[in-house]
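The structure file coords-v6.cif is reproduced below (mmCIF, C-alpha atoms and all ligand atoms; chains and numbers go by the auth columns).
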```cif
data_my_file
loop_
_atom_site.group_PDB
_atom_site.id
_atom_site.type_symbol
_atom_site.label_atom_id
_atom_site.label_comp_id
_atom_site.label_asym_id
_atom_site.label_seq_id
_atom_site.Cartn_x
_atom_site.Cartn_y
_atom_site.Cartn_z
_atom_site.B_iso_or_equiv
_atom_site.auth_seq_id
_atom_site.auth_asym_id
ATOM 1 C CA MET A 1 50.339 -56.384 33.964 0.00 1 P
ATOM 2 C CA ASN A 2 46.762 -57.277 34.893 0.00 2 P
ATOM 3 C CA ILE A 3 46.217 -60.402 36.942 0.00 3 P
ATOM 4 C CA LEU A 4 43.458 -62.487 38.433 0.00 4 P
ATOM 5 C CA LEU A 5 44.078 -64.016 41.821 0.00 5 P
ATOM 6 C CA PHE A 6 41.861 -66.912 42.752 0.00 6 P
ATOM 7 C CA GLY A 7 41.836 -69.864 45.097 0.00 7 P
ATOM 8 C CA PRO A 8 39.945 -71.242 48.068 0.00 8 P
ATOM 9 C CA PRO A 9 38.805 -69.020 50.946 0.00 9 P
ATOM 10 C CA GLY A 10 41.811 -68.644 53.237 0.00 10 P
ATOM 11 C CA ALA A 11 44.371 -69.113 50.438 0.00 11 P
ATOM 12 C CA GLY A 12 45.837 -65.671 51.153 0.00 12 P
ATOM 13 C CA LYS A 13 44.442 -63.710 48.208 0.00 13 P
ATOM 14 C CA GLY A 14 43.845 -60.574 50.280 0.00 14 P
ATOM 15 C CA THR A 15 47.249 -60.746 51.985 0.00 15 P
ATOM 16 C CA GLN A 16 49.097 -61.169 48.697 0.00 16 P
ATOM 17 C CA SER A 17 47.050 -58.441 47.019 0.00 17 P
ATOM 18 C CA ALA A 18 48.006 -56.043 49.809 0.00 18 P
ATOM 19 C CA LEU A 19 51.695 -56.776 49.139 0.00 19 P
ATOM 20 C CA LEU A 20 51.259 -56.381 45.400 0.00 20 P
ATOM 21 C CA ILE A 21 49.640 -52.994 45.904 0.00 21 P
ATOM 22 C CA LYS A 22 52.513 -51.888 48.110 0.00 22 P
ATOM 23 C CA LYS A 23 55.413 -53.274 46.122 0.00 23 P
ATOM 24 C CA LYS A 24 54.170 -53.190 42.545 0.00 24 P
ATOM 25 C CA ALA A 25 51.906 -50.139 42.482 0.00 25 P
ATOM 26 C CA MET A 26 48.997 -52.249 41.315 0.00 26 P
ATOM 27 C CA ARG A 27 45.369 -51.516 42.044 0.00 27 P
ATOM 28 C CA GLN A 28 43.283 -54.149 43.795 0.00 28 P
ATOM 29 C CA ILE A 29 39.697 -54.856 42.936 0.00 29 P
ATOM 30 C CA SER A 30 38.412 -57.210 45.623 0.00 30 P
ATOM 31 C CA THR A 31 34.762 -58.146 45.281 0.00 31 P
ATOM 32 C CA GLY A 32 34.700 -59.298 48.926 0.00 32 P
ATOM 33 C CA ASP A 33 36.043 -55.903 50.087 0.00 33 P
ATOM 34 C CA LEU A 34 33.624 -54.028 47.826 0.00 34 P
ATOM 35 C CA PHE A 35 30.695 -55.979 49.274 0.00 35 P
ATOM 36 C CA ARG A 36 31.891 -55.406 52.845 0.00 36 P
ATOM 37 C CA ALA A 37 32.247 -51.657 52.176 0.00 37 P
ATOM 38 C CA ALA A 38 28.714 -51.589 50.730 0.00 38 P
ATOM 39 C CA ILE A 39 27.355 -53.425 53.778 0.00 39 P
ATOM 40 C CA LYS A 40 29.155 -51.006 56.107 0.00 40 P
ATOM 41 C CA GLY A 41 27.757 -48.057 54.161 0.00 41 P
ATOM 42 C CA GLY A 42 24.230 -49.490 54.236 0.00 42 P
ATOM 43 C CA THR A 43 23.832 -49.078 50.454 0.00 43 P
ATOM 44 C CA PRO A 44 21.200 -51.007 48.422 0.00 44 P
ATOM 45 C CA LEU A 45 24.033 -53.206 47.065 0.00 45 P
ATOM 46 C CA GLY A 46 25.146 -53.941 50.628 0.00 46 P
ATOM 47 C CA LEU A 47 21.637 -54.820 51.732 0.00 47 P
ATOM 48 C CA GLU A 48 21.280 -57.212 48.818 0.00 48 P
ATOM 49 C CA ALA A 49 24.658 -58.892 49.344 0.00 49 P
ATOM 50 C CA LYS A 50 24.563 -59.184 53.126 0.00 50 P
ATOM 51 C CA SER A 51 22.397 -62.259 53.564 0.00 51 P
ATOM 52 C CA TYR A 52 24.357 -64.259 50.969 0.00 52 P
ATOM 53 C CA ILE A 53 27.692 -63.340 52.526 0.00 53 P
ATOM 54 C CA ASN A 54 26.565 -64.081 56.065 0.00 54 P
ATOM 55 C CA GLU A 55 25.439 -67.524 54.948 0.00 55 P
ATOM 56 C CA GLY A 56 28.699 -68.189 53.077 0.00 56 P
ATOM 57 C CA LYS A 57 26.950 -68.308 49.689 0.00 57 P
ATOM 58 C CA LEU A 58 27.988 -66.544 46.507 0.00 58 P
ATOM 59 C CA VAL A 59 26.236 -63.255 45.786 0.00 59 P
ATOM 60 C CA PRO A 60 24.196 -63.569 42.538 0.00 60 P
ATOM 61 C CA ASP A 61 26.182 -63.034 39.355 0.00 61 P
ATOM 62 C CA SER A 62 23.990 -60.186 38.105 0.00 62 P
ATOM 63 C CA VAL A 63 24.865 -58.104 41.177 0.00 63 P
ATOM 64 C CA THR A 64 28.535 -59.057 41.255 0.00 64 P
ATOM 65 C CA ILE A 65 29.243 -58.560 37.558 0.00 65 P
ATOM 66 C CA GLY A 66 27.548 -55.144 37.567 0.00 66 P
ATOM 67 C CA MET A 67 29.731 -54.066 40.471 0.00 67 P
ATOM 68 C CA VAL A 68 32.951 -55.203 38.764 0.00 68 P
ATOM 69 C CA ARG A 69 31.928 -53.521 35.508 0.00 69 P
ATOM 70 C CA GLU A 70 31.559 -50.213 37.352 0.00 70 P
ATOM 71 C CA GLU A 71 34.852 -50.626 39.189 0.00 71 P
ATOM 72 C CA LEU A 72 36.897 -51.595 36.118 0.00 72 P
ATOM 73 C CA SER A 73 35.471 -48.724 34.089 0.00 73 P
ATOM 74 C CA LYS A 74 36.483 -46.180 36.745 0.00 74 P
ATOM 75 C CA HIS A 75 40.262 -46.265 36.400 0.00 75 P
ATOM 76 C CA ARG A 76 43.034 -47.395 34.113 0.00 76 P
ATOM 77 C CA GLY A 77 46.374 -48.967 35.025 0.00 77 P
ATOM 78 C CA PRO A 78 47.519 -52.398 36.195 0.00 78 P
ATOM 79 C CA PHE A 79 45.088 -54.237 38.437 0.00 79 P
ATOM 80 C CA ILE A 80 44.645 -57.373 40.503 0.00 80 P
ATOM 81 C CA LEU A 81 41.196 -58.892 40.484 0.00 81 P
ATOM 82 C CA ASP A 82 40.915 -60.558 43.880 0.00 82 P
ATOM 83 C CA GLY A 83 38.022 -62.979 44.376 0.00 83 P
ATOM 84 C CA PHE A 84 36.493 -62.395 40.937 0.00 84 P
ATOM 85 C CA PRO A 85 35.626 -64.349 38.883 0.00 85 P
ATOM 86 C CA ARG A 86 34.370 -67.049 41.216 0.00 86 P
ATOM 87 C CA ASN A 87 32.563 -69.203 38.697 0.00 87 P
ATOM 88 C CA VAL A 88 32.632 -69.871 34.978 0.00 88 P
ATOM 89 C CA ALA A 89 29.659 -67.574 34.222 0.00 89 P
ATOM 90 C CA GLN A 90 31.532 -64.687 35.857 0.00 90 P
ATOM 91 C CA ALA A 91 34.694 -65.576 33.910 0.00 91 P
ATOM 92 C CA GLU A 92 32.735 -65.425 30.646 0.00 92 P
ATOM 93 C CA ALA A 93 31.145 -62.110 31.621 0.00 93 P
ATOM 94 C CA LEU A 94 34.587 -60.763 32.498 0.00 94 P
ATOM 95 C CA GLU A 95 35.867 -61.652 29.062 0.00 95 P
ATOM 96 C CA VAL A 96 33.067 -59.669 27.418 0.00 96 P
ATOM 97 C CA LEU A 97 33.737 -56.749 29.727 0.00 97 P
ATOM 98 C CA LEU A 98 37.491 -56.748 29.074 0.00 98 P
ATOM 99 C CA ASN A 99 36.879 -56.827 25.318 0.00 99 P
ATOM 100 C CA GLU A 100 34.561 -53.846 25.638 0.00 100 P
ATOM 101 C CA LEU A 101 37.138 -51.920 27.654 0.00 101 P
ATOM 102 C CA LYS A 102 39.976 -53.090 25.363 0.00 102 P
ATOM 103 C CA ILE A 103 42.051 -54.452 28.202 0.00 103 P
ATOM 104 C CA SER A 104 43.364 -57.943 28.808 0.00 104 P
ATOM 105 C CA VAL A 105 44.346 -60.205 31.648 0.00 105 P
ATOM 106 C CA ASP A 106 47.899 -61.486 31.495 0.00 106 P
ATOM 107 C CA ARG A 107 47.848 -64.221 34.144 0.00 107 P
ATOM 108 C CA ALA A 108 45.237 -66.101 36.144 0.00 108 P
ATOM 109 C CA ILE A 109 47.114 -67.023 39.304 0.00 109 P
ATOM 110 C CA PHE A 110 45.652 -69.889 41.278 0.00 110 P
ATOM 111 C CA LEU A 111 46.852 -69.862 44.884 0.00 111 P
ATOM 112 C CA GLU A 112 46.945 -73.493 45.869 0.00 112 P
ATOM 113 C CA VAL A 113 46.542 -74.381 49.547 0.00 113 P
ATOM 114 C CA PRO A 114 45.569 -77.884 50.714 0.00 114 P
ATOM 115 C CA ASN A 115 42.193 -78.148 52.460 0.00 115 P
ATOM 116 C CA ALA A 116 43.844 -79.245 55.697 0.00 116 P
ATOM 117 C CA TYR A 117 45.311 -75.735 56.164 0.00 117 P
ATOM 118 C CA LEU A 118 42.229 -73.721 55.290 0.00 118 P
ATOM 119 C CA LEU A 119 40.019 -74.216 58.335 0.00 119 P
ATOM 120 C CA GLY A 120 42.780 -73.126 60.741 0.00 120 P
ATOM 121 C CA ARG A 121 43.652 -70.124 58.589 0.00 121 P
ATOM 122 C CA LEU A 122 40.018 -68.988 58.404 0.00 122 P
ATOM 123 C CA THR A 123 38.901 -69.588 62.006 0.00 123 P
ATOM 124 C CA GLY A 124 42.075 -67.863 63.269 0.00 124 P
ATOM 125 C CA ARG A 125 41.807 -64.896 60.918 0.00 125 P
ATOM 126 C CA ARG A 126 41.041 -61.501 62.412 0.00 126 P
ATOM 127 C CA VAL A 127 40.568 -58.225 60.559 0.00 127 P
ATOM 128 C CA CYS A 128 40.649 -54.568 61.430 0.00 128 P
ATOM 129 C CA LYS A 129 37.132 -53.221 61.280 0.00 129 P
ATOM 130 C CA THR A 130 38.421 -49.792 60.253 0.00 130 P
ATOM 131 C CA CYS A 131 41.199 -50.359 57.695 0.00 131 P
ATOM 132 C CA GLY A 132 40.810 -54.054 56.796 0.00 132 P
ATOM 133 C CA ALA A 133 44.360 -55.099 57.799 0.00 133 P
ATOM 134 C CA THR A 134 44.433 -58.848 58.386 0.00 134 P
ATOM 135 C CA TYR A 135 45.864 -60.810 61.297 0.00 135 P
ATOM 136 C CA HIS A 136 45.907 -64.374 62.563 0.00 136 P
ATOM 137 C CA ILE A 137 45.563 -65.247 66.228 0.00 137 P
ATOM 138 C CA GLU A 138 48.643 -67.492 66.119 0.00 138 P
ATOM 139 C CA ALA A 139 50.642 -66.724 62.995 0.00 139 P
ATOM 140 C CA LYS A 140 50.310 -62.934 63.040 0.00 140 P
ATOM 141 C CA PRO A 141 48.580 -61.487 66.107 0.00 141 P
ATOM 142 C CA PRO A 142 48.351 -57.698 66.484 0.00 142 P
ATOM 143 C CA LYS A 143 50.916 -56.274 68.932 0.00 143 P
ATOM 144 C CA ALA A 144 48.176 -55.244 71.393 0.00 144 P
ATOM 145 C CA LYS A 145 45.270 -57.687 71.644 0.00 145 P
ATOM 146 C CA GLY A 146 42.231 -56.521 69.679 0.00 146 P
ATOM 147 C CA VAL A 147 43.936 -53.342 68.400 0.00 147 P
ATOM 148 C CA CYS A 148 45.108 -52.822 64.818 0.00 148 P
ATOM 149 C CA ASP A 149 48.863 -52.173 64.456 0.00 149 P
ATOM 150 C CA VAL A 150 48.224 -50.010 61.384 0.00 150 P
ATOM 151 C CA CYS A 151 45.413 -47.677 62.421 0.00 151 P
ATOM 152 C CA GLY A 152 44.496 -48.493 66.051 0.00 152 P
ATOM 153 C CA GLY A 153 41.027 -49.691 65.002 0.00 153 P
ATOM 154 C CA PRO A 154 39.251 -52.677 66.591 0.00 154 P
ATOM 155 C CA VAL A 155 40.418 -56.116 65.408 0.00 155 P
ATOM 156 C CA ILE A 156 37.484 -58.494 65.032 0.00 156 P
ATOM 157 C CA GLN A 157 36.458 -61.828 63.514 0.00 157 P
ATOM 158 C CA ARG A 158 34.488 -61.614 60.267 0.00 158 P
ATOM 159 C CA ASP A 159 31.002 -63.114 60.682 0.00 159 P
ATOM 160 C CA ASP A 160 31.654 -65.392 57.722 0.00 160 P
ATOM 161 C CA ASP A 161 34.872 -66.704 59.302 0.00 161 P
ATOM 162 C CA LYS A 162 32.832 -68.521 61.944 0.00 162 P
ATOM 163 C CA GLU A 163 33.131 -72.288 61.616 0.00 163 P
ATOM 164 C CA GLU A 164 29.508 -72.996 60.608 0.00 164 P
ATOM 165 C CA VAL A 165 29.694 -70.501 57.687 0.00 165 P
ATOM 166 C CA ILE A 166 33.148 -71.614 56.552 0.00 166 P
ATOM 167 C CA LYS A 167 31.772 -75.025 55.640 0.00 167 P
ATOM 168 C CA THR A 168 29.321 -73.470 53.159 0.00 168 P
ATOM 169 C CA ARG A 169 32.047 -71.196 51.737 0.00 169 P
ATOM 170 C CA LEU A 170 34.328 -74.159 51.118 0.00 170 P
ATOM 171 C CA GLU A 171 31.472 -76.035 49.419 0.00 171 P
ATOM 172 C CA ALA A 172 30.766 -73.015 47.187 0.00 172 P
ATOM 173 C CA TYR A 173 34.457 -72.949 46.298 0.00 173 P
ATOM 174 C CA GLU A 174 34.578 -76.652 45.388 0.00 174 P
ATOM 175 C CA GLU A 175 31.442 -76.456 43.312 0.00 175 P
ATOM 176 C CA SER A 176 31.810 -73.094 41.572 0.00 176 P
ATOM 177 C CA THR A 177 35.328 -71.702 41.782 0.00 177 P
ATOM 178 C CA LYS A 178 37.555 -74.756 41.385 0.00 178 P
ATOM 179 C CA PRO A 179 36.324 -75.379 37.804 0.00 179 P
ATOM 180 C CA LEU A 180 37.946 -72.053 36.877 0.00 180 P
ATOM 181 C CA LYS A 181 41.298 -73.831 36.956 0.00 181 P
ATOM 182 C CA ASP A 182 40.301 -75.794 33.860 0.00 182 P
ATOM 183 C CA TYR A 183 38.787 -72.700 32.258 0.00 183 P
ATOM 184 C CA TYR A 184 42.047 -70.721 32.508 0.00 184 P
ATOM 185 C CA GLN A 185 44.185 -73.768 31.734 0.00 185 P
ATOM 186 C CA VAL A 186 42.444 -74.104 28.375 0.00 186 P
ATOM 187 C CA LYS A 187 43.011 -70.400 27.723 0.00 187 P
ATOM 188 C CA GLY A 188 46.712 -70.797 28.500 0.00 188 P
ATOM 189 C CA GLN A 189 46.563 -68.188 31.273 0.00 189 P
ATOM 190 C CA LEU A 190 46.651 -70.417 34.351 0.00 190 P
ATOM 191 C CA VAL A 191 49.635 -70.292 36.666 0.00 191 P
ATOM 192 C CA THR A 192 49.419 -72.339 39.856 0.00 192 P
ATOM 193 C CA VAL A 193 51.354 -70.923 42.791 0.00 193 P
ATOM 194 C CA ASP A 194 52.011 -72.826 46.013 0.00 194 P
ATOM 195 C CA GLY A 195 50.211 -70.775 48.690 0.00 195 P
ATOM 196 C CA THR A 196 51.761 -72.531 51.682 0.00 196 P
ATOM 197 C CA GLY A 197 54.645 -71.185 53.766 0.00 197 P
ATOM 198 C CA SER A 198 55.310 -67.647 54.931 0.00 198 P
ATOM 199 C CA THR A 199 53.643 -64.603 53.372 0.00 199 P
ATOM 200 C CA GLU A 200 57.050 -63.558 52.008 0.00 200 P
ATOM 201 C CA ASP A 201 57.722 -66.966 50.465 0.00 201 P
ATOM 202 C CA VAL A 202 54.368 -66.913 48.679 0.00 202 P
ATOM 203 C CA PHE A 203 54.942 -63.350 47.523 0.00 203 P
ATOM 204 C CA GLY A 204 58.354 -64.382 46.151 0.00 204 P
ATOM 205 C CA ARG A 205 56.671 -67.075 44.067 0.00 205 P
ATOM 206 C CA ILE A 206 54.070 -64.635 42.720 0.00 206 P
ATOM 207 C CA ASP A 207 56.771 -62.098 41.973 0.00 207 P
ATOM 208 C CA ARG A 208 58.659 -64.686 39.906 0.00 208 P
ATOM 209 C CA VAL A 209 55.487 -65.318 37.908 0.00 209 P
ATOM 210 C CA LEU A 210 55.036 -61.604 37.263 0.00 210 P
ATOM 211 C CA ARG A 211 58.648 -61.274 36.108 0.00 211 P
ATOM 212 C CA SER A 212 58.515 -64.301 33.813 0.00 212 P
HETATM 213 P P1 LIG B . 36.056 -62.897 50.198 0.00 1 T
HETATM 214 O O1 LIG B . 36.407 -61.666 50.951 0.00 1 T
HETATM 215 O O2 LIG B . 36.704 -62.931 48.836 0.00 1 T
HETATM 216 O O3 LIG B . 36.327 -64.143 50.993 0.00 1 T
HETATM 217 O O4 LIG B . 34.480 -62.850 49.920 0.00 1 T
HETATM 218 C C1 LIG B . 33.567 -62.841 50.983 0.00 1 T
HETATM 219 C C2 LIG B . 32.192 -63.199 50.468 0.00 1 T
HETATM 220 O O5 LIG B . 31.761 -62.226 49.510 0.00 1 T
HETATM 221 C C3 LIG B . 32.086 -64.526 49.741 0.00 1 T
HETATM 222 O O6 LIG B . 31.925 -65.634 50.624 0.00 1 T
HETATM 223 C C4 LIG B . 30.821 -64.298 48.896 0.00 1 T
HETATM 224 O O7 LIG B . 29.654 -64.390 49.680 0.00 1 T
HETATM 225 C C5 LIG B . 30.997 -62.835 48.482 0.00 1 T
HETATM 226 N N1 LIG B . 31.736 -62.731 47.215 0.00 1 T
HETATM 227 C C6 LIG B . 32.991 -62.227 47.050 0.00 1 T
HETATM 228 N N2 LIG B . 33.351 -62.266 45.755 0.00 1 T
HETATM 229 C C7 LIG B . 32.314 -62.831 45.087 0.00 1 T
HETATM 230 C C8 LIG B . 32.086 -63.169 43.725 0.00 1 T
HETATM 231 N N3 LIG B . 32.999 -62.955 42.776 0.00 1 T
HETATM 232 N N4 LIG B . 30.883 -63.718 43.409 0.00 1 T
HETATM 233 C C9 LIG B . 29.930 -63.939 44.341 0.00 1 T
HETATM 234 N N5 LIG B . 30.088 -63.672 45.646 0.00 1 T
HETATM 235 C C10 LIG B . 31.267 -63.117 46.030 0.00 1 T
#
```

Here is the file; what I need is its structure written in the form of structure tokens.
Ligand code: AMP
Amino acid sequence: MNILLFGPPGAGKGTQSALLIKKKAMRQISTGDLFRAAIKGGTPLGLEAKSYINEGKLVPDSVTIGMVREELSKHRGPFILDGFPRNVAQAEALEVLLNELKISVDRAIFLEVPNAYLLGRLTGRRVCKTCGATYHIEAKPPKAKGVCDVCGGPVIQRDDDKEEVIKTRLEAYEESTKPLKDYYQVKGQLVTVDGTGSTEDVFGRIDRVLRS
């Protein structure tokens, strides 16, 4: 099964994708992770994306769609698209791309989390600089402060998880990404999943969708 996972920043897309990879042998294509890897590697793509990401804005569609095209063409097998599409133009481009590659998306899962939860989730989020494992200062702190449980790397706050940038990210979500709910509703692919509660509870809900 191929799925899209979308929702507001802080909805838990990355956390749930990590579980899906582990438990369902699916491959994750996260545009946010791909951009961060490009920035870390100092590639031309990273240089182009960096200023948008640091300001909490969406990276231009031409850059993002090209990157996804390359990634999807690389491998076969079930995948989770995490954080793409993020607007209707990207959703339309994805449809063209999937037709070309003769693959389809089975479900567009919208992870629904009320706005009141998002700020706390994002400002408290910490990530491992080396392996990308995610933590939260209250809900899921690493065992040793500042050290990743998985790989021992440094646990840091993403620049775009700082409060002043989060505001812009949430605005970009409201304006560009939320309309995707209607887009996938019309296509009959939308499934809304309650993204509140424990990681395991949310995963259980997603799992039920995948089994249905
Ligand atoms: P994320 O890790 O999904 O929260 O993404 C981090 C940042 O990467 C976003 O705030 C955007 O600046 C950029 N980004 C990720 N995915 C996309 C996308 N599909 N289109 C445009 N920008 C994106």

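CA of Ile206 in chain P is positioned 13.2 Å from CA of Ala11 in chain P.
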
Show me, as lines of an AutoDock Vina configuration file, the centre and edge lengths in Å to one decimal of the axis-aligned box that covers every listed atom of range 180-191 of chain P with 3 Å on each side.
```
center_x = 43.8
center_y = -72.0
center_z = 32.3
size_x = 17.7
size_y = 13.6
size_z = 15.2
```

Within 7 Å of ligand LIG 1 (chain T), which residues show up when you count only C-alpha atoms and all ligand atoms? List them as an mmCIF file with C-alpha atoms, in the frame of the given file, please.
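In the end it all went to selection_26.cif:
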```cif
data_model
loop_
_atom_site.group_PDB
_atom_site.id
_atom_site.type_symbol
_atom_site.label_atom_id
_atom_site.label_comp_id
_atom_site.auth_asym_id
_atom_site.auth_seq_id
_atom_site.Cartn_x
_atom_site.Cartn_y
_atom_site.Cartn_z
ATOM 1 C CA PRO P 9 38.805 -69.020 50.946
ATOM 2 C CA SER P 30 38.412 -57.210 45.623
ATOM 3 C CA THR P 31 34.762 -58.146 45.281
ATOM 4 C CA GLY P 32 34.700 -59.298 48.926
ATOM 5 C CA ASP P 33 36.043 -55.903 50.087
ATOM 6 C CA PHE P 35 30.695 -55.979 49.274
ATOM 7 C CA TYR P 52 24.357 -64.259 50.969
ATOM 8 C CA ILE P 53 27.692 -63.340 52.526
ATOM 9 C CA GLY P 56 28.699 -68.189 53.077
ATOM 10 C CA LYS P 57 26.950 -68.308 49.689
ATOM 11 C CA LEU P 58 27.988 -66.544 46.507
ATOM 12 C CA VAL P 59 26.236 -63.255 45.786
ATOM 13 C CA PRO P 60 24.196 -63.569 42.538
ATOM 14 C CA ASP P 61 26.182 -63.034 39.355
ATOM 15 C CA THR P 64 28.535 -59.057 41.255
ATOM 16 C CA ASP P 82 40.915 -60.558 43.880
ATOM 17 C CA GLY P 83 38.022 -62.979 44.376
ATOM 18 C CA PHE P 84 36.493 -62.395 40.937
ATOM 19 C CA PRO P 85 35.626 -64.349 38.883
ATOM 20 C CA ARG P 86 34.370 -67.049 41.216
ATOM 21 C CA ARG P 169 32.047 -71.196 51.737
#
```

Translate the PyMOL selection byres (((chain P and resi 129) around 10) and not hetatm) into a concrete residue list for this structure, as a list in words.
Lys40, Arg126, Val127, Cys128, Thr130, Cys131, Gly132, Ala133, Thr134, Val147, Cys148, Gly152, Gly153, Pro154, Val155, Ile156, Gln157 and Arg158 of chain P

Can you spit out the residues from that selection as an mmCIF file, in the coordinates of the input, using C-alpha atoms?
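Produced file again.cif, reproduced below:
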```cif
data_model
loop_
_atom_site.group_PDB
_atom_site.id
_atom_site.type_symbol
_atom_site.label_atom_id
_atom_site.label_comp_id
_atom_site.auth_asym_id
_atom_site.auth_seq_id
_atom_site.Cartn_x
_atom_site.Cartn_y
_atom_site.Cartn_z
ATOM 1 C CA LYS P 40 29.155 -51.006 56.107
ATOM 2 C CA ARG P 126 41.041 -61.501 62.412
ATOM 3 C CA VAL P 127 40.568 -58.225 60.559
ATOM 4 C CA CYS P 128 40.649 -54.568 61.430
ATOM 5 C CA THR P 130 38.421 -49.792 60.253
ATOM 6 C CA CYS P 131 41.199 -50.359 57.695
ATOM 7 C CA GLY P 132 40.810 -54.054 56.796
ATOM 8 C CA ALA P 133 44.360 -55.099 57.799
ATOM 9 C CA THR P 134 44.433 -58.848 58.386
ATOM 10 C CA VAL P 147 43.936 -53.342 68.400
ATOM 11 C CA CYS P 148 45.108 -52.822 64.818
ATOM 12 C CA GLY P 152 44.496 -48.493 66.051
ATOM 13 C CA GLY P 153 41.027 -49.691 65.002
ATOM 14 C CA PRO P 154 39.251 -52.677 66.591
ATOM 15 C CA VAL P 155 40.418 -56.116 65.408
ATOM 16 C CA ILE P 156 37.484 -58.494 65.032
ATOM 17 C CA GLN P 157 36.458 -61.828 63.514
ATOM 18 C CA ARG P 158 34.488 -61.614 60.267
#
```

Rounded to one decimal in Å, what is the spacing between CA of Asp207 in chain P and CA of Gly7 in chain P?
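Answer for the CA of Asp207 in chain P to CA of Gly7 in chain P separation: 17.1 Å.
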
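Of the listed residues (P:Gly188, P:Ile65, P:Pro44, P:Tyr135), P:Tyr135 comes nearest to Asp149 in chain P; the distances count only C-alpha atoms.
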
So which residues get picked by the PyMOL selection byres (((chain P and resi 80) around 12) and not hetatm) here, written as an NGL selection string?
:P and (1-6 or 13-14 or 16-21 or 24-31 or 71-72 or 76-79 or 81-85 or 104-109 or 210)

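Between CA of Leu98 in chain P and CA of Tyr173 in chain P lies a distance of 23.8 Å.
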
Under the rule that only C-alpha atoms are counted, which of P:Thr168, P:Ser51, P:Asp182, P:Gly195 is the nearest residue to Tyr117 in chain P?
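Of the candidates, the smallest distance to Tyr117 in chain P is held by P:Gly195.
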
Selection under test: the PyMOL selection byres (((chain P and resi 161) around 9) and not hetatm); residues as a ChimeraX atom specification:
/P:56,122-126,157-160,162-166

Can you work out which one of P:Pro8, P:Gly120, P:Glu48, P:Tyr183 has the shortest atom-to-atom distance to Glu138 in chain P, counting all atoms listed in the file?
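That would be P:Gly120, the residue with the smallest distance to Glu138 in chain P.
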
From the set P:Thr43, P:Thr199, P:Thr177, P:Ser62, which residue has the shortest atom-to-atom contact distance to Ala93 in chain P, counting only C-alpha atoms?
P:Ser62

So, counting all atoms listed in the file, which residue among P:Glu55, P:Ala91, P:Ser212, P:Gly204 is closest to Lys187 in chain P?
P:Ala91

Using all atoms listed in the file, find the one residue out of P:Leu94, P:Lys23, P:Phe110, P:Ala144 that sits nearest to Gln185 in chain P.
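The shortest atom-to-atom distance to Gln185 in chain P comes from P:Phe110.
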